[in-house]
Every structure is written in C-alpha cells, then in structure tokens.
file target-v6.tsv (TSV, C-alpha atoms)
chain	number	residue	atom	x	y	z
T	22	ALA	CA	0.00	0.00	0.00
T	23	GLN	CA	1.13	3.51	-0.71
T	24	SER	CA	0.81	6.50	1.57
T	25	VAL	CA	2.24	9.92	2.18
T	26	THR	CA	2.91	11.69	5.45
T	27	GLN	CA	3.51	15.40	5.53
T	28	LEU	CA	5.00	16.52	8.82
T	29	GLY	CA	3.72	19.88	9.92
T	30	SER	CA	0.32	21.04	8.72
T	31	HIS	CA	1.43	24.67	9.09
T	32	VAL	CA	4.86	26.15	8.44
T	33	SER	CA	5.78	29.82	8.84
T	34	VAL	CA	8.97	31.36	7.51
T	35	SER	CA	10.25	34.88	7.16
T	36	GLU	CA	10.59	36.35	3.71
T	37	GLY	CA	14.06	35.45	2.41
T	38	ALA	CA	14.45	32.47	4.74
T	39	LEU	CA	14.84	28.83	3.78
T	40	VAL	CA	11.66	26.90	3.08
T	41	LEU	CA	11.63	23.22	4.09
T	42	LEU	CA	8.46	21.16	3.75
T	43	ARG	CA	8.69	17.53	4.77
T	44	CYS	CA	7.28	14.51	3.02
T	45	ASN	CA	7.75	10.83	3.81
T	46	TYR	CA	6.20	8.09	1.72
T	47	SER	CA	5.64	4.38	1.75
T	48	SER	CA	5.67	2.33	-1.40
T	49	SER	CA	6.49	-1.27	-2.18
T	50	VAL	CA	8.08	-0.41	-5.52
T	51	PRO	CA	10.19	2.50	-6.80
T	52	PRO	CA	7.75	5.35	-6.63
T	53	TYR	CA	6.80	8.33	-8.67
T	54	LEU	CA	6.86	11.34	-6.32
T	55	PHE	CA	5.31	14.74	-6.78
T	56	TRP	CA	4.86	18.11	-5.13
T	57	TYR	CA	1.85	20.22	-6.00
T	58	VAL	CA	0.92	23.73	-4.90
T	59	GLN	CA	-2.62	24.99	-4.42
T	60	TYR	CA	-3.68	28.61	-4.14
T	61	PRO	CA	-7.08	29.49	-2.63
T	62	ASN	CA	-10.06	28.34	-4.67
T	63	GLN	CA	-7.86	26.86	-7.36
T	64	GLY	CA	-6.84	23.41	-8.47
T	65	LEU	CA	-3.45	21.86	-7.84
T	66	GLN	CA	-0.45	22.91	-9.91
T	67	LEU	CA	2.55	20.66	-10.40
T	68	LEU	CA	5.74	22.04	-8.82
T	69	LEU	CA	8.05	19.15	-9.57
T	70	LYS	CA	8.20	15.39	-9.99
T	71	TYR	CA	10.57	12.50	-9.54
T	72	THR	CA	10.09	9.48	-11.79
T	73	THR	CA	13.55	8.10	-12.42
T	74	GLY	CA	17.14	9.22	-12.76
T	75	ALA	CA	18.65	12.13	-10.84
T	76	THR	CA	17.46	12.21	-7.25
T	77	LEU	CA	17.65	15.99	-6.94
T	78	VAL	CA	14.76	17.43	-8.85
T	79	LYS	CA	14.32	21.08	-9.73
T	80	GLY	CA	10.90	22.55	-10.24
T	81	ILE	CA	9.21	25.82	-10.94
T	82	ASN	CA	9.53	28.99	-8.87
T	83	GLY	CA	12.93	28.00	-7.46
T	84	PHE	CA	11.73	24.91	-5.61
T	85	GLU	CA	13.61	21.64	-5.52
T	86	ALA	CA	13.26	18.27	-3.82
T	87	GLU	CA	15.55	15.35	-3.19
T	88	PHE	CA	14.48	11.72	-3.36
T	89	LYS	CA	16.18	9.79	-0.55
T	90	LYS	CA	15.31	6.13	-0.83
T	91	SER	CA	17.05	5.16	2.42
T	92	GLU	CA	14.95	7.69	4.33
T	93	THR	CA	11.80	7.25	2.20
T	94	SER	CA	11.67	11.01	1.99
T	95	PHE	CA	11.04	13.65	-0.65
T	96	HIS	CA	11.37	16.96	1.15
T	97	LEU	CA	10.69	20.22	-0.67
T	98	THR	CA	13.05	23.16	-0.29
T	99	LYS	CA	13.54	26.68	-1.54
T	100	PRO	CA	16.56	28.74	-0.49
T	101	SER	CA	14.75	32.06	-0.12
T	102	ALA	CA	11.03	32.42	0.54
T	103	HIS	CA	8.98	34.97	-1.33
T	104	MET	CA	5.62	36.35	-0.31
T	105	SER	CA	4.06	34.75	-3.38
T	106	ASP	CA	5.05	31.30	-2.07
T	107	ALA	CA	2.29	31.44	0.54
T	108	ALA	CA	-0.02	28.56	-0.39
T	109	GLU	CA	-0.94	24.97	0.41
T	110	TYR	CA	1.57	22.33	-0.65
T	111	PHE	CA	0.78	18.67	-1.25
T	112	CYS	CA	3.12	15.75	-1.63
T	113	ALA	CA	1.89	12.77	-3.67
T	114	VAL	CA	3.11	9.25	-4.43
T	115	SER	CA	2.29	6.75	-7.13
T	116	ASP	CA	3.76	3.30	-7.69
T	117	THR	CA	2.78	2.53	-11.27
T	118	GLY	CA	1.31	5.80	-12.45
T	119	ASN	CA	-2.17	4.38	-12.02
T	120	GLN	CA	-3.18	5.58	-8.59
T	121	PHE	CA	-1.95	8.75	-6.89
T	122	TYR	CA	-2.08	9.26	-3.13
T	123	PHE	CA	-1.85	12.69	-1.57
T	124	GLY	CA	-0.75	13.88	1.82
T	125	THR	CA	-2.91	16.10	3.97
T	126	GLY	CA	-1.00	19.19	2.93
T	127	THR	CA	1.20	21.84	4.51
T	128	SER	CA	0.07	25.43	4.64
T	129	LEU	CA	3.01	27.79	4.12
T	130	THR	CA	2.85	31.29	5.56
T	131	VAL	CA	5.52	33.83	4.61
T	132	ILE	CA	6.07	36.62	7.11
T	133	PRO	CA	7.24	39.93	5.70
V	12	ASP	CA	-4.99	23.14	-25.51
V	13	THR	CA	-6.46	25.08	-22.59
V	14	GLY	CA	-5.82	22.48	-19.92
V	15	VAL	CA	-8.43	20.70	-17.82
V	16	SER	CA	-11.78	22.47	-17.65
V	17	GLN	CA	-14.45	21.93	-15.03
V	18	ASP	CA	-18.00	23.19	-14.98
V	19	PRO	CA	-19.63	24.64	-12.98
V	20	ARG	CA	-17.03	26.25	-10.75
V	21	HIS	CA	-19.54	26.69	-7.96
V	22	LYS	CA	-22.81	24.95	-7.22
V	23	ILE	CA	-25.15	25.60	-4.34
V	24	THR	CA	-27.97	23.14	-3.91
V	25	LYS	CA	-30.50	22.03	-1.36
V	26	ARG	CA	-30.21	18.72	0.39
V	27	GLY	CA	-31.86	15.95	-1.60
V	28	GLN	CA	-31.28	17.51	-5.02
V	29	ASN	CA	-29.15	15.94	-7.73
V	30	VAL	CA	-26.08	17.68	-9.12
V	31	THR	CA	-23.82	16.96	-12.07
V	32	PHE	CA	-20.28	18.15	-12.71
V	33	ARG	CA	-18.50	18.06	-16.03
V	34	CYS	CA	-14.81	17.71	-16.74
V	35	ASP	CA	-13.06	18.23	-20.07
V	36	PRO	CA	-9.54	16.80	-19.90
V	37	ILE	CA	-6.49	17.62	-21.97
V	38	SER	CA	-7.35	16.15	-25.36
V	39	GLU	CA	-4.42	13.75	-25.73
V	40	HIS	CA	-4.73	12.41	-22.18
V	41	ASN	CA	-6.19	8.92	-21.95
V	42	ARG	CA	-6.78	8.91	-18.20
V	43	LEU	CA	-9.22	10.97	-16.21
V	44	TYR	CA	-9.49	11.11	-12.42
V	45	TRP	CA	-12.02	12.48	-9.95
V	46	TYR	CA	-10.96	13.55	-6.48
V	47	ARG	CA	-12.81	15.13	-3.58
V	48	GLN	CA	-11.17	17.69	-1.33
V	49	THR	CA	-12.55	19.04	1.91
V	50	LEU	CA	-11.22	22.01	3.83
V	51	GLY	CA	-7.76	21.40	5.22
V	52	GLN	CA	-7.38	18.02	3.58
V	53	GLY	CA	-5.59	16.61	0.60
V	54	PRO	CA	-7.42	15.30	-2.45
V	55	GLU	CA	-9.14	11.97	-1.85
V	56	PHE	CA	-9.40	9.60	-4.78
V	57	LEU	CA	-12.91	8.83	-6.02
V	58	THR	CA	-12.54	7.10	-9.37
V	59	TYR	CA	-10.58	7.01	-12.59
V	60	PHE	CA	-11.04	6.13	-16.24
V	61	GLN	CA	-8.76	4.95	-18.94
V	62	ASN	CA	-10.42	6.04	-22.14
V	63	GLU	CA	-14.08	5.16	-21.58
V	64	ALA	CA	-13.47	2.34	-19.10
V	65	GLN	CA	-13.89	3.04	-15.40
V	66	LEU	CA	-10.96	1.13	-13.94
V	67	GLU	CA	-11.29	1.79	-10.23
V	68	LYS	CA	-13.70	3.27	-7.73
V	69	SER	CA	-12.97	4.23	-4.15
V	70	ARG	CA	-14.98	2.88	-1.26
V	71	LEU	CA	-15.71	6.55	-0.60
V	72	LEU	CA	-17.88	6.52	-3.68
V	73	SER	CA	-21.31	5.57	-2.38
V	74	ASP	CA	-24.08	4.38	-4.67
V	75	ARG	CA	-25.36	7.98	-4.81
V	76	PHE	CA	-22.28	8.86	-6.86
V	77	SER	CA	-21.88	7.88	-10.48
V	78	ALA	CA	-19.28	8.85	-13.03
V	79	GLU	CA	-19.18	8.36	-16.76
V	80	ARG	CA	-16.82	9.01	-19.61
V	81	PRO	CA	-18.96	7.87	-22.52
V	82	LYS	CA	-16.66	8.50	-25.47
V	83	GLY	CA	-13.36	8.60	-23.68
V	84	SER	CA	-13.29	12.37	-23.79
V	85	PHE	CA	-15.24	14.46	-21.25
V	86	SER	CA	-16.55	12.99	-18.03
V	87	THR	CA	-19.49	13.69	-15.74
V	88	LEU	CA	-19.80	13.09	-12.02
V	89	GLU	CA	-23.36	12.95	-10.73
V	90	ILE	CA	-24.37	13.03	-7.10
V	91	GLN	CA	-27.93	11.98	-6.38
V	92	ARG	CA	-29.91	12.94	-3.28
V	93	THR	CA	-27.17	15.24	-2.03
V	94	GLU	CA	-26.35	15.40	1.66
V	95	GLN	CA	-24.62	18.15	3.60
V	96	GLY	CA	-21.60	15.87	3.94
V	97	ASP	CA	-21.17	16.01	0.18
V	98	SER	CA	-20.11	19.66	0.43
V	99	ALA	CA	-16.57	19.74	-0.91
V	100	MET	CA	-14.39	20.70	-3.85
V	101	TYR	CA	-14.59	18.12	-6.62
V	102	LEU	CA	-11.38	18.03	-8.58
V	103	CYS	CA	-10.84	16.51	-11.98
V	104	ALA	CA	-7.40	15.62	-13.29
V	105	SER	CA	-6.13	13.98	-16.45
V	106	SER	CA	-2.92	12.25	-17.41
V	107	LEU	CA	-1.22	10.39	-20.23
V	108	SER	CA	-0.58	6.84	-19.16
V	109	MET	CA	2.70	5.62	-20.52
V	110	ARG	CA	5.25	3.45	-18.82
V	111	ARG	CA	7.99	5.62	-17.32
V	112	ALA	CA	7.97	8.06	-20.23
V	113	ALA	CA	8.92	11.68	-19.81
V	114	GLY	CA	5.85	13.85	-19.37
V	115	ALA	CA	3.62	10.87	-18.77
V	116	ASN	CA	1.93	9.71	-15.59
V	117	VAL	CA	1.58	13.21	-14.21
V	118	LEU	CA	-1.77	14.56	-13.08
V	119	THR	CA	-2.90	17.88	-14.50
V	120	PHE	CA	-5.75	19.32	-12.45
V	121	GLY	CA	-8.66	21.49	-13.29
V	122	ALA	CA	-9.70	24.41	-11.10
V	123	GLY	CA	-12.34	22.33	-9.37
V	124	SER	CA	-16.08	22.49	-8.81
V	125	ARG	CA	-17.10	23.63	-5.35
V	126	LEU	CA	-20.32	22.11	-4.07
V	127	THR	CA	-22.27	23.56	-1.17
V	128	VAL	CA	-25.26	21.59	0.07
V	129	LEU	CA	-27.65	23.57	2.25
call {"tool": "encode", "arguments": {"input": "target-v6.tsv", "output": "structure tokens"}}
result
Amino acid sequence: AQSVTQLGSHVSVSEGALVLLRCNYSSSVPPYLFWYVQYPNQGLQLLLKYTTGATLVKGINGFEAEFKKSETSFHLTKPSAHMSDAAEYFCAVSDTGNQFYFGTGTSLTVIP
Amino acid sequence: DTGVSQDPRHKITKRGQNVTFRCDPISEHNRLYWYRQTLGQGPEFLTYFQNEAQLEKSRLLSDRFSAERPKGSFSTLEIQRTEQGDSAMYLCASSLSMRRAAGANVLTFGAGSRLTVL
C-alpha cells in the first residue's frame, strides 16, 4: 500500500528564509513522487516530480526536492522564501502511475 | 490546448437535489481522475477512467455517486440525493498513461467544482 505523510500542517517562515516542507512516503516499488501547490479556490499545480534518474529534482519557482530512498523522503526546499510562495503544498506518491495518493498538505505562511 | 476544464465552478444546492459536474480533460490524455477535497485536507481519490473504461472506484464513492466518460473524452460526475456531507471541492485531473515516459503519468488538475449543500 502507498501512503504519504507530511510533517507539519502549518509552516511559517520569514521572507528570504529557507523553506523546508517535509514529506515521507511508503511504497512497495520505486515510486513516482510529486509536489503540488494549491492557491485558494484553485486546483493543484505541479511544482516538480521524480520518476527516475537524478534524485535531486528542480521545479518551478525555485523549488527543488531530493528523493532519498534510504529515508523514504522527498522533502521540498527553496533557499529564499517569497511572499508569493504562501499557499498549500501537497506531496503525492504513485507506484505505477495508475493511482496517486496525496498527503494532507502543509500550509506555508511567509512573514514579511 | 487550454488544460483541464471543469463546470460549474460553484454549485449551491438544497439537500436531496441531484447535481452533475463536467470535466473536459487535456485532449491527448487517456486517463481521467475524480478527487474530492474538503477544507484542510488533501485530495481523496474517487474514481478514474482509462479512455471510456472506469478502472477503479474508491470505497468513498457511495451508490449515490456515479461517473461516466462515454466517449473517452469528457466525463461527468453525478451526485444523487445530495447530503450536507457532500459539500466539498470536486477536482478533476487527467494524465497520459505511458510506462515511465517523460511527461507521462503526471496529473494535471482542473480548477475544481465547489459544491455547497444547504
């Protein structure tokens, strides 16, 4: 069975500070891993994905994530937070590309 | 291609009424998914189609819910005899299913249809 755990339902950072959003997954096979961002009253937008190959994945808006198999983690980072980064972030896992399972989300607040 | 379109964006209905949502996926995508999202939660899987075939349904999908994708293009999600607990955002997503191919197996979401049951 696949599942995703996002540690910390709310994260606050100062503008310009490092953003770190945590995601741990369980999967019986090499997974596909994703981060999505959701702004109020909108659908989810893909930030980045890991399917195969390089374990450090770069996405849009300066975000990146590293797949660590030994830790079953796929944490999302950004070196310097911007006010426009304030949103809800969801980690997702899929084993075969058939079914996708989402975490409960982390709400990011950026303090000016 | 304009992405995944959902209609209506907002629906307010009285308890006991039926509602129908429509989703138009990205044209070359062969898979279409329905998710439900409540406040403060992640998307919960409801069902998905590959072309016109409904391949899987969640146990969350009671017999009041039915989804179709008659010609493998657009899809509808109908909720009969709505209950207040059905109030949620209903998200549609589509993807191209292809084994470990670049650009494939990634969900592209629509903006969602928000249902409020009074």
call {"tool": "closest_residue", "arguments": {"input": "target-v6.tsv", "among": "T:Asn82, T:Ser115, T:Thr93, T:Thr73", "to": "T:Leu54", "atoms": "all atoms listed in the file"}}
result
T:Ser115
call {"tool": "residues_around", "arguments": {"input": "target-v6.tsv", "residues": "T:Tyr110", "least_positions_apart": "5", "cutoff": "9 Å", "atoms": "only C-alpha atoms", "output": "list in words"}}
result
Leu42, Trp56, Tyr57, Val58, Gln59, Tyr60, Leu65, Thr125, Gly126, Thr127, Ser128 and Leu129 of chain T
call {"tool": "write_last_selection", "arguments": {"input": "target-v6.tsv", "atoms": "C-alpha atoms", "output": "CSV table (one decimal), keeping the file's coordinate frame"}}
result
chain,number,residue,atom,x,y,z
T,42,LEU,CA,8.5,21.2,3.8
T,56,TRP,CA,4.9,18.1,-5.1
T,57,TYR,CA,1.8,20.2,-6.0
T,58,VAL,CA,0.9,23.7,-4.9
T,59,GLN,CA,-2.6,25.0,-4.4
T,60,TYR,CA,-3.7,28.6,-4.1
T,65,LEU,CA,-3.4,21.9,-7.8
T,125,THR,CA,-2.9,16.1,4.0
T,126,GLY,CA,-1.0,19.2,2.9
T,127,THR,CA,1.2,21.8,4.5
T,128,SER,CA,0.1,25.4,4.6
T,129,LEU,CA,3.0,27.8,4.1
call {"tool": "atom_distance", "arguments": {"input": "target-v6.tsv", "atom1": "atom CA of T:Lys70", "atom2": "atom CA of V:Val117"}}
result
8.1 Å
call {"tool": "residues_near_point", "arguments": {"input": "target-v6.tsv", "point": "(18.8, 12.3, -9.6)", "cutoff": "12 Å", "atoms": "all atoms listed in the file", "output": "list of chain:residue names"}}
result
T:Lys70, T:Tyr71, T:Thr72, T:Thr73, T:Gly74, T:Ala75, T:Thr76, T:Leu77, T:Val78, T:Lys79, T:Glu85, T:Ala86, T:Glu87, T:Phe88, T:Lys89, T:Lys90, T:Phe95
call {"tool": "atom_distance", "arguments": {"input": "target-v6.tsv", "atom1": "atom CA of V:Gly121", "atom2": "atom CA of V:Arg47"}}
result
12.3 Å
call {"tool": "decode", "arguments": {"input": "target-v6.tsv", "residues": "stretch 78-102 of chain V", "atoms": "N, CA and C atoms", "output": "CSV table (one decimal), in the first residue's frame"}}
result
chain,number,residue,atom,x,y,z
V,78,ALA,N,-20.1,8.1,-12.1
V,78,ALA,CA,-19.3,8.9,-13.0
V,78,ALA,C,-19.3,8.1,-14.4
V,79,GLU,N,-19.2,8.9,-15.4
V,79,GLU,CA,-19.2,8.4,-16.8
V,79,GLU,C,-18.2,9.1,-17.6
V,80,ARG,N,-17.7,8.4,-18.6
V,80,ARG,CA,-16.8,9.0,-19.6
V,80,ARG,C,-17.2,8.3,-20.9
V,81,PRO,N,-18.3,8.7,-21.5
V,81,PRO,CA,-19.0,7.9,-22.5
V,81,PRO,C,-18.1,7.7,-23.8
V,82,LYS,N,-17.4,8.6,-24.2
V,82,LYS,CA,-16.7,8.5,-25.5
V,82,LYS,C,-15.2,8.6,-25.2
V,83,GLY,N,-14.8,8.5,-24.0
V,83,GLY,CA,-13.4,8.6,-23.7
V,83,GLY,C,-12.8,10.0,-23.7
V,84,SER,N,-13.7,11.0,-23.8
V,84,SER,CA,-13.3,12.4,-23.8
V,84,SER,C,-13.7,13.0,-22.5
V,85,PHE,N,-14.8,13.8,-22.5
V,85,PHE,CA,-15.2,14.5,-21.3
V,85,PHE,C,-15.8,13.4,-20.3
V,86,SER,N,-16.0,13.9,-19.0
V,86,SER,CA,-16.6,13.0,-18.0
V,86,SER,C,-17.6,13.8,-17.2
V,87,THR,N,-18.5,13.1,-16.7
V,87,THR,CA,-19.5,13.7,-15.7
V,87,THR,C,-19.5,12.9,-14.4
V,88,LEU,N,-19.7,13.7,-13.4
V,88,LEU,CA,-19.8,13.1,-12.0
V,88,LEU,C,-21.1,13.6,-11.5
V,89,GLU,N,-22.0,12.6,-11.2
V,89,GLU,CA,-23.4,13.0,-10.7
V,89,GLU,C,-23.5,12.5,-9.3
V,90,ILE,N,-24.1,13.4,-8.5
V,90,ILE,CA,-24.4,13.0,-7.1
V,90,ILE,C,-25.9,13.1,-6.9
V,91,GLN,N,-26.5,12.0,-6.6
V,91,GLN,CA,-27.9,12.0,-6.4
V,91,GLN,C,-28.3,12.2,-4.9
V,92,ARG,N,-29.4,12.8,-4.7
V,92,ARG,CA,-29.9,12.9,-3.3
V,92,ARG,C,-28.8,13.5,-2.4
V,93,THR,N,-28.3,14.7,-2.7
V,93,THR,CA,-27.2,15.2,-2.0
V,93,THR,C,-27.4,15.4,-0.5
V,94,GLU,N,-26.3,15.2,0.2
V,94,GLU,CA,-26.3,15.4,1.7
V,94,GLU,C,-25.4,16.5,2.0
V,95,GLN,N,-25.5,17.1,3.2
V,95,GLN,CA,-24.6,18.1,3.6
V,95,GLN,C,-23.2,17.7,3.6
V,96,GLY,N,-22.9,16.4,3.9
V,96,GLY,CA,-21.6,15.9,3.9
V,96,GLY,C,-20.9,15.8,2.6
V,97,ASP,N,-21.7,16.0,1.5
V,97,ASP,CA,-21.2,16.0,0.2
V,97,ASP,C,-20.5,17.3,-0.2
V,98,SER,N,-20.7,18.3,0.7
V,98,SER,CA,-20.1,19.7,0.4
V,98,SER,C,-18.6,19.5,0.4
V,99,ALA,N,-18.0,19.9,-0.7
V,99,ALA,CA,-16.6,19.7,-0.9
V,99,ALA,C,-16.2,20.4,-2.2
V,100,MET,N,-14.9,20.4,-2.5
V,100,MET,CA,-14.4,20.7,-3.8
V,100,MET,C,-14.2,19.4,-4.6
V,101,TYR,N,-14.8,19.3,-5.8
V,101,TYR,CA,-14.6,18.1,-6.6
V,101,TYR,C,-13.6,18.5,-7.7
V,102,LEU,N,-12.5,17.8,-7.7
V,102,LEU,CA,-11.4,18.0,-8.6
V,102,LEU,C,-11.3,17.0,-9.7
